[in-house]
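For reference, the structure discussed in these notes is given below.
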Amino acid sequence: MATGPIVTLTINPALDKSANVDRIVPENKLRCDTPNFEAGGGGINVAKAIHRLGGNPIAVFTIGGPTGQRLHKLVKSEGVETMVIETKQWTRENFHVLETSTGFQYRFGVPGTELMPTEVRSILETIEEFDPKPSYIIASGSLPPGAPADFYGQIAKIAHKQGARFIADASGDALKSATEAGVYLLKPNITELSQLVGVDKLEMDDVDDAARALIIRNQCEVVVVSMGAMGAMLVTEDQVEHIPAPPVKKKSAVGAGDSMVAGIVWTLSQGKSLREAVRMGVACGSAATMSAGSELFKMQDVNKLMDWLNRYGQRYSGNS
């Protein structure tokens with residue numbers, strides 16, 4: 001069982017504002033209902049989900065201006081321990097609209113505000129000076145302007161020095177730099193996996209070989225390929241297992257990936273096996289899709305889905 005804290009890192013968070021409207025019509029003045037505010041960002045979502053599972057993670061993230069202060073209060077209101085780095089620029093604000101007449105959700109995301117070089121250094125120093133040393137560091141989400149392309153690679157090197165297991169949940173150059181430095185676990189989807197191995201497209205039969213190629217190159221120890229409604233594939237140097245997704249009525253995919261990461265890391269921190277951890281990750285990710293909007297999973301849904309996986313998951317797993 002892990003002894004050091006689980007630390008999540010979000011350097012491009014957002015204050016997410018959401019509202020409902022009957023119908024979206026061009027040129028018309030659209031009257032929304034009272035907006036709802038939530039703290040957004042990959043690492044923040046992972047921390048909230050781990051806390052919901054019973055853990056005590058520490059969420060490290062940037063905040064700037066009134067939007068950043070509001071975001072900070074929202075995270076603390078969830079009971080999550082925080083460590084913040086203040087920035088000169090205001091934290092960005094995203095806007096989500098649900099068209100109630102159709103059930104369609106429209107998500108408007110704006111670019112992150114630019115980080116100053118001194119702020120980048122402060123983030124790295126915050127992770128480097130953690131005491132006690134983390135057992136897991138989870139860096140999740142995109143990089144804002146001003147952050148170097150190899151930022152997650154630098155975090156990976158710090159994690160190695162600390163003896164922490166580093167999980168990177170990103171895409172593009174940010175993810176590539178992390179794998180070049182070496183990470184403990186990757187959770188790519190099939191498109192991201194194909195980019196990492198340098199091919200245009202992967203067929204399902206090629207997924208396990210592509211994942212194992214990353215392990216052979218010492219870019220990671222574990223790959224959990226997220227496959228949406230098909231579940232996930234766990235790949236290590238000597239193990240391949242398909243974990244099916246339980247059948248659910250999907251309402252929203254927002255937060256499903258972050259919930260999956262949270263379930264995996266929380267279970268591993270309790271000394272459980274990778275197989276058990278990925279099952280919990282699939283249960284948490286699937287449960288998140290059962291919640292409307294950007295809500296995370298409900299524990300009663302996670303427990304029901306874990307029961308399904310324990311009863312029927314082996315039948316559909318297709319182990320090899």
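Please note that chains go A, B, ... in the order of the structure tokens, that every chain numbers its residues from 1, and that ligands are numbered from 1 in the order shown.
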
Might you pull out every residue within 10 Å of A:Ala229, with only C-alpha atoms counted and same-chain residues fewer than 3 positions away left off, and present them as a ChimeraX atom specification? /A:226,232,244-248,250,282,286

Would you save the residues from that selection as an mmCIF file, in the first residue's frame, using N, CA and C atoms?
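Produced file part_18.cif, reproduced below:
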```cif
data_model
loop_
_atom_site.group_PDB
_atom_site.id
_atom_site.type_symbol
_atom_site.label_atom_id
_atom_site.label_comp_id
_atom_site.auth_asym_id
_atom_site.auth_seq_id
_atom_site.Cartn_x
_atom_site.Cartn_y
_atom_site.Cartn_z
ATOM 1 N N SER A 226 -7.855 3.095 -23.461
ATOM 2 C CA SER A 226 -9.269 3.413 -23.273
ATOM 3 C C SER A 226 -10.002 3.221 -24.591
ATOM 4 N N ALA A 232 -11.610 -1.308 -21.805
ATOM 5 C CA ALA A 232 -10.191 -0.940 -21.812
ATOM 6 C C ALA A 232 -9.345 -2.187 -21.998
ATOM 7 N N PRO A 244 -14.053 -5.471 -20.137
ATOM 8 C CA PRO A 244 -15.234 -4.960 -20.845
ATOM 9 C C PRO A 244 -15.890 -3.824 -20.066
ATOM 10 N N ALA A 245 -16.599 -2.981 -20.786
ATOM 11 C CA ALA A 245 -17.367 -1.922 -20.141
ATOM 12 C C ALA A 245 -18.769 -2.450 -19.850
ATOM 13 N N PRO A 246 -19.271 -2.270 -18.638
ATOM 14 C CA PRO A 246 -20.635 -2.705 -18.343
ATOM 15 C C PRO A 246 -21.639 -1.925 -19.194
ATOM 16 N N PRO A 247 -22.757 -2.531 -19.557
ATOM 17 C CA PRO A 247 -23.771 -1.805 -20.331
ATOM 18 C C PRO A 247 -24.438 -0.735 -19.465
ATOM 19 N N VAL A 248 -24.419 0.502 -19.933
ATOM 20 C CA VAL A 248 -25.015 1.615 -19.177
ATOM 21 C C VAL A 248 -25.776 2.523 -20.135
ATOM 22 N N LYS A 250 -25.900 5.972 -21.349
ATOM 23 C CA LYS A 250 -24.957 7.088 -21.351
ATOM 24 C C LYS A 250 -25.691 8.433 -21.440
ATOM 25 N N VAL A 282 -12.512 1.164 -15.076
ATOM 26 C CA VAL A 282 -13.610 1.022 -16.051
ATOM 27 C C VAL A 282 -14.952 1.281 -15.369
ATOM 28 N N SER A 286 -17.255 4.329 -16.571
ATOM 29 C CA SER A 286 -18.599 4.027 -17.065
ATOM 30 C C SER A 286 -19.655 4.715 -16.210
#
```

Residues near stretch 47-54 of chain A, anyone? I mean within 6 Å using only C-alpha atoms, not counting same-chain ones fewer than 3 positions away, as a list in words. Ile44, Pro57, Ala59, Ser259 and Ala262 of chain A

Contacts of stretch 193-290 of chain A with stretch 26-40 of chain A up to 12 Å, shortest pair per row, only C-alpha atoms, as a Markdown table:
```
| residue | atom | partner | partner_atom | distance |
| --- | --- | --- | --- | --- |
| A:Val254 | CA | A:Gly40 | CA | 10.5 |
| A:Gly255 | CA | A:Gly40 | CA | 9.4 |
| A:Asp258 | CA | A:Gly40 | CA | 11.0 |
```

What lies within 10 Å of stretch 159-162 of chain A using only C-alpha atoms, ignoring chain neighbours under 3 positions off, as a list in words? Ile127, Glu128, Glu129, Phe130, Pro132, Lys133, Pro134, Ser135, Tyr136, Ile137, Ile138, Gly153, Gln154, Ile155, Ala156, Arg165, Phe166, Ile167, Ala181, Gly182, Val183 and Tyr184 of chain A

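The residue that comes closest to A:Glu241, out of A:Arg217, A:Arg279, A:Lys298, A:Lys272 and on the basis of only C-alpha atoms, is A:Arg279.
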
Mind the document's chain letters and residue numbers, and return as a VMD selection string the residues of stretch 42-138 of chain A that DSSP labels strand (DSSP E). chain A and resid 58 to 63 81 to 86 92 to 99 104 to 108 136 to 138

Exercise: stretch 83-94 of chain A partners within 8 Å, only C-alpha atoms, chain neighbours under 6 positions left out, as an NGL selection string: :A and (13-17 or 58-68 or 107-116 or 119 or 122-123)

Would you please work out which residue, of A:Asp169, A:Asp238, A:Glu99, A:Asp301, is nearest to A:Val261 when using only C-alpha atoms? A:Asp169

Could you give me, as CSV, every stretch 154-208 of chain A residue with an atom at most 12 Å from stretch 220-225 of chain A, plus its closest atom pair and distance in Å to one decimal, counting only C-alpha atoms, rows ordered by chain then number?
```
residue,atom,partner,partner_atom,distance
A:Ala156,CA,A:Cys220,CA,10.9
A:Arg165,CA,A:Glu221,CA,10.0
A:Phe166,CA,A:Cys220,CA,9.4
A:Ile167,CA,A:Cys220,CA,9.2
A:Ala168,CA,A:Cys220,CA,10.0
A:Asp169,CA,A:Val224,CA,10.9
A:Leu175,CA,A:Cys220,CA,11.6
A:Lys176,CA,A:Cys220,CA,11.4
A:Ala178,CA,A:Cys220,CA,9.4
A:Thr179,CA,A:Cys220,CA,6.6
A:Glu180,CA,A:Cys220,CA,9.0
A:Ala181,CA,A:Cys220,CA,9.1
A:Gly182,CA,A:Cys220,CA,5.5
A:Val183,CA,A:Cys220,CA,4.7
A:Tyr184,CA,A:Glu221,CA,5.1
A:Leu185,CA,A:Val222,CA,4.7
A:Leu186,CA,A:Val223,CA,4.9
A:Lys187,CA,A:Val224,CA,4.8
A:Pro188,CA,A:Val225,CA,5.3
A:Asn189,CA,A:Val225,CA,5.4
A:Ile190,CA,A:Val225,CA,6.6
A:Thr191,CA,A:Val225,CA,9.9
A:Glu192,CA,A:Val225,CA,9.3
A:Leu193,CA,A:Val225,CA,7.7
A:Ser194,CA,A:Val225,CA,10.9
A:Leu196,CA,A:Cys220,CA,11.7
A:Met204,CA,A:Val225,CA,10.9
A:Asp206,CA,A:Val225,CA,11.9
A:Val207,CA,A:Val225,CA,8.1
A:Asp208,CA,A:Val225,CA,8.7
```

Any chance you could list, as a PyMOL selection string, the residues in stretch 89-260 of chain A that come up alpha helix (DSSP H) when DSSP is run on the backbone? chain A and resi 117-128+151-162+172-181+190-197+207-216+256-260

Using only C-alpha atoms: which of A:Leu234, A:Leu305, A:Glu276, A:Val7 has the shortest distance to A:Val46: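 Comparing A:Leu234, A:Leu305, A:Glu276, A:Val7 against A:Val46, the winner is A:Val7.
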
Nearest to A:Ile216 among A:Leu74, A:Val235, A:Ala288, A:Ala19, with distances taken over only C-alpha atoms: which residue is it?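 Closest candidate: A:Val235.
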